[in-house]
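What follows is structure_18.cif (mmCIF, C-alpha atoms).
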data_run
#
loop_
_atom_site.label_atom_id
_atom_site.label_comp_id
_atom_site.auth_asym_id
_atom_site.auth_seq_id
_atom_site.Cartn_x
_atom_site.Cartn_y
_atom_site.Cartn_z
CA MET A 20 -24.35 172.36 5.16
CA ASN A 21 -21.31 170.17 4.66
CA TRP A 22 -19.87 170.14 1.15
CA LEU A 23 -16.94 167.81 2.02
CA PRO A 24 -17.35 164.18 0.89
CA TYR A 25 -16.41 162.99 4.38
CA GLN A 26 -17.60 163.88 7.82
CA ASP A 27 -15.54 166.83 9.22
CA SER A 28 -14.70 165.81 12.73
CA ALA A 29 -11.39 167.62 13.23
CA ASP A 30 -11.03 169.61 16.44
CA TRP A 31 -9.63 173.01 15.47
CA GLY A 32 -9.14 174.08 19.07
CA SER A 33 -10.16 177.21 20.83
CA VAL A 34 -9.15 180.83 20.35
CA PRO A 35 -6.68 180.70 23.29
CA ASP A 36 -5.02 177.65 21.70
CA TRP A 37 -4.57 179.59 18.45
CA PHE A 38 -3.14 182.60 20.24
CA GLY A 39 -0.73 180.34 22.13
CA ALA A 40 0.45 178.67 18.90
CA ILE A 41 0.92 181.99 17.12
CA GLY A 42 2.79 183.39 20.13
CA SER A 43 5.12 180.39 20.19
CA ILE A 44 5.89 180.68 16.49
CA ALA A 45 6.47 184.45 16.83
CA SER A 46 8.85 183.98 19.77
CA VAL A 47 10.89 181.37 17.87
CA LEU A 48 11.06 183.73 14.87
CA ILE A 49 12.16 186.66 17.06
CA VAL A 50 14.90 184.56 18.69
CA TYR A 51 16.09 183.39 15.26
CA LEU A 52 16.26 186.95 13.87
CA GLY A 53 18.08 188.17 16.99
CA LEU A 54 20.66 185.39 16.75
CA ARG A 55 21.20 186.06 13.05
CA ARG A 56 21.79 189.76 13.76
CA GLU A 57 24.21 188.94 16.59
CA ILE A 58 26.17 186.52 14.38
CA ARG A 59 26.50 189.17 11.65
CA ALA A 60 27.66 191.77 14.17
CA ARG A 61 30.28 189.40 15.56
CA ARG A 62 31.55 188.63 12.07
CA ARG A 63 31.88 192.36 11.30
CA ASP A 64 33.73 192.91 14.58
CA GLU A 65 36.04 189.98 13.88
CA LEU A 66 36.81 191.31 10.40
CA ARG A 67 37.45 194.78 11.84
CA VAL A 68 39.93 193.32 14.35
CA ARG A 69 41.60 191.20 11.67
CA ALA A 70 41.94 194.29 9.44
CA THR A 71 43.82 196.31 12.08
CA GLN A 72 47.23 195.65 10.53
CA ALA A 73 45.90 195.82 6.97
CA ARG A 74 44.67 199.38 7.51
CA LEU A 75 48.24 200.39 8.36
CA VAL A 76 49.62 199.32 4.96
CA SER A 77 49.34 201.89 2.17
CA ALA A 78 50.89 202.98 -1.10
CA VAL A 79 51.47 206.34 -2.74
CA ALA A 80 52.35 206.85 -6.41
CA GLU A 81 54.25 209.82 -7.75
CA ILE A 82 54.62 210.52 -11.47
CA ARG A 83 58.24 210.91 -12.59
CA GLY A 84 58.43 212.02 -16.20
CA ASN A 85 56.00 210.60 -18.72
CA SER A 86 56.75 206.91 -18.34
CA VAL A 87 57.95 206.25 -14.78
CA LEU A 88 56.10 206.00 -11.47
CA ARG A 89 57.69 206.10 -8.06
CA VAL A 90 55.56 203.94 -5.74
CA VAL A 91 56.21 203.94 -2.00
CA VAL A 92 54.57 201.13 -0.02
CA ALA A 93 54.52 201.91 3.69
CA ASN A 94 53.94 199.43 6.50
CA GLU A 95 53.10 201.50 9.59
CA SER A 96 52.34 198.43 11.71
CA ASP A 97 54.79 196.72 14.06
CA ALA A 98 54.69 193.38 12.23
CA PRO A 99 55.92 192.57 8.72
CA VAL A 100 53.70 192.10 5.68
CA LEU A 101 54.53 189.44 3.12
CA ASP A 102 54.05 188.77 -0.59
CA VAL A 103 53.10 192.33 -1.49
CA THR A 104 51.81 192.82 -5.03
CA VAL A 105 51.74 196.40 -6.36
CA LEU A 106 49.60 197.19 -9.40
CA PRO A 107 49.47 200.83 -10.59
CA ARG A 108 46.35 201.84 -12.51
CA LEU A 109 45.32 205.05 -14.26
CA VAL A 110 41.98 206.61 -13.34
CA PRO A 111 40.19 207.88 -16.48
CA PRO A 112 40.39 211.70 -16.39
CA ASP A 113 36.90 212.14 -17.88
CA ASP A 114 35.21 209.55 -15.61
CA PRO A 115 36.62 209.34 -12.05
CA ASP A 116 34.17 206.54 -11.22
CA GLY A 117 35.11 204.56 -14.33
CA THR A 118 37.25 201.46 -14.46
CA PRO A 119 40.96 202.28 -14.08
CA THR A 120 43.34 200.83 -16.67
CA GLU A 121 46.52 198.98 -15.78
CA LEU A 122 49.66 200.99 -16.39
CA ALA A 123 52.25 198.25 -15.99
CA GLU A 124 52.82 194.70 -14.89
CA ALA A 125 52.31 193.99 -11.21
CA LYS A 126 55.47 194.27 -9.11
CA GLN A 127 56.24 191.91 -6.23
CA VAL A 128 57.87 192.65 -2.90
CA ARG A 129 58.62 189.62 -0.73
CA ARG A 130 58.56 191.33 2.68
CA ILE A 131 58.22 194.77 4.20
CA HIS A 132 59.24 194.90 7.83
CA GLY A 133 57.24 196.77 10.44
CA ARG A 134 57.61 200.55 10.53
CA GLU A 135 59.40 200.50 7.17
CA SER A 136 58.60 201.45 3.61
CA HIS A 137 59.68 200.07 0.27
CA GLU A 138 60.26 202.17 -2.83
CA LEU A 139 59.57 200.86 -6.33
CA PHE A 140 60.11 202.46 -9.71
CA VAL A 141 57.59 201.25 -12.26
CA THR A 142 58.02 201.77 -15.98
CA VAL A 143 54.68 202.40 -17.64
CA THR A 144 53.76 200.45 -20.78
CA ALA A 145 54.39 202.16 -24.12
CA GLU A 146 50.72 202.90 -24.92
CA HIS A 147 50.43 205.17 -21.87
CA ARG A 148 52.09 208.54 -21.50
CA LEU A 149 51.70 210.07 -18.09
CA ARG A 150 50.96 213.71 -17.41
CA ALA A 151 51.32 215.54 -14.12
CA ALA A 152 47.52 215.90 -13.90
CA ASP A 153 46.84 212.15 -14.18
CA ALA A 154 45.41 210.34 -11.18
CA VAL A 155 47.18 207.09 -10.43
CA LEU A 156 45.61 204.48 -8.18
CA VAL A 157 47.72 201.74 -6.58
CA ASP A 158 46.20 198.34 -5.86
CA LEU A 159 47.95 196.41 -3.09
CA THR A 160 47.53 192.73 -2.32
CA PHE A 161 49.44 191.38 0.68
CA THR A 162 49.51 188.89 3.53
CA ASP A 163 49.51 190.20 7.09
CA HIS A 164 51.44 188.79 10.04
CA ASP A 165 48.59 186.42 10.94
CA GLY A 166 48.43 184.91 7.44
CA ASN A 167 45.32 186.79 6.26
CA ARG A 168 45.38 187.90 2.62
CA TRP A 169 44.17 191.45 1.89
CA ARG A 170 43.45 193.70 -1.09
CA ARG A 171 43.49 197.46 -0.84
CA SER A 172 42.73 199.82 -3.70
CA GLY A 173 44.10 203.32 -3.30
CA ALA A 174 43.12 204.84 0.05
CA GLY A 175 40.08 202.56 0.39
CA GLN A 176 39.50 200.11 3.22
CA PRO A 177 41.22 196.72 2.98
CA GLU A 178 39.09 193.78 1.89
CA ALA A 179 39.78 190.18 2.80
CA VAL A 180 40.77 187.99 -0.15
CA GLY A 181 39.62 184.39 -0.27
#
Would it be possible to restate this file's structure as structure tokens?
Amino acid sequence: MNWLPYQDSADWGSVPDWFGAIGSIASVLIVYLGLRREIRARRRDELRVRATQARLVSAVAEIRGNSVLRVVVANESDAPVLDVTVLPRLVPPDDPDGTPTELAEAKQVRRIHGRESHELFVTVTAEHRLRAADAVLVDLTFTDHDGNRWRRSGAGQPEAVG
């Protein structure tokens, strides 16, 4: 019994035709997913290679009194880093995973040569009084020798900026 208002004369093919079509679509999908995974892996590898110098730049903060921080930015790579911005932040003592608060204005260092370090003394804003038990986190933003801009928070891995 035909319930369509027109005569159904379409040729839907045979079972082998359907299996062939489904197999073709599946193979195209598998190739697409494989290429997408390969592209992502190459991007991760490229970022890892680009971050080689950035991983060698670090900062350590030391509390001096109740209102001064001594921050040492070290460049352990062979090439210089440029336009270094140092921003000290205080980790909340009651919530280590909480949002750190800024302790002072960001300091700028134009250039740190390879295998050298730069020492900064940062005066903390008046509303903060430092104690020896406080945890200070230093955020670094800098440009590596190849012109890549990086951000590094504390001892974490560098992240590409922009």
Using the chain letters and numbers from the file, give me the residues hit by the PyMOL selection byres ((chain A and resi 87) around 8), as number ranges by chain.
-> A: 82-86, 88-89, 140-143
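Residue membership of the PyMOL selection byres ((chain A and resi 166) around 12) in the shown file amounts to Arg69, Ala70, Gln72, Ala73, Ala98, Pro99, Val100, Leu101, Asp102, Phe161, Thr162, Asp163, His164, Asp165, Asn167, Arg168, Trp169, Ala179, Val180 and Gly181 of chain A.
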Enumerate, as a ChimeraX atom specification, the residues matched when the PyMOL selection byres ((chain A and resi 94) around 10) is run on the file above.
-> /A:72-78,91-93,95-100,131-137
Could you check which of A:Arg67, A:Arg108, A:Glu124, A:Leu139 is closest to Gln176 (chain A), using all atoms listed in the file?
->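 When distances to Gln176 (chain A) are compared using all atoms listed in the file, the smallest one comes from A:Arg67.
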Could you check how far CA of Arg63 (chain A) sits from CA of Thr118 (chain A), in Å to one decimal?
->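 Straight-line distance from CA of Arg63 (chain A) to CA of Thr118 (chain A) works out to 27.8 Å.
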Option closest in space to Ala151 (chain A), from A:Ile58, A:Ala80, A:Ala125, A:Ala40 [counting all atoms listed in the file] | A:Ala80
Atom pair CA of Leu159 (chain A) / CA of Leu66 (chain A): separation (Å) |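 It comes out at 18.2 Å.
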From the list A:Leu52, A:Ser46, A:Pro107, A:Asp30, the nearest residue to Glu81 (chain A) using all atoms listed in the file is A:Pro107
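CA of Thr71 (chain A) sits 22.3 Å away from CA of Leu106 (chain A).
Minimum distance to Ala174 (chain A) across A:Gln127, A:Ala60, A:Asp158, A:Ala45 (counting only C-alpha atoms) occurs at A:Asp158.
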Near Ala154 (chain A), within 9 Å and counting only C-alpha atoms, which residues show up once chain neighbours fewer than 6 positions away are dropped, as a ChimeraX atom specification?
-> /A:108-112,115
With only C-alpha atoms as the atoms that count, which of A:Gly173, A:Pro119, A:Gly42, A:Gly32 lies nearest to Val79 (chain A)?
->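 Under the stated criterion, the closest residue is A:Gly173.
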Edge lengths and centre in Å to one decimal, as AutoDock Vina command-line options, of the axis-aligned box that encloses all listed atoms of region 127-143 of chain A with 6 Å added on every side?
--center_x 57.5 --center_y 196.0 --center_z -3.6 --size_x 17.6 --size_y 24.8 --size_z 40.2
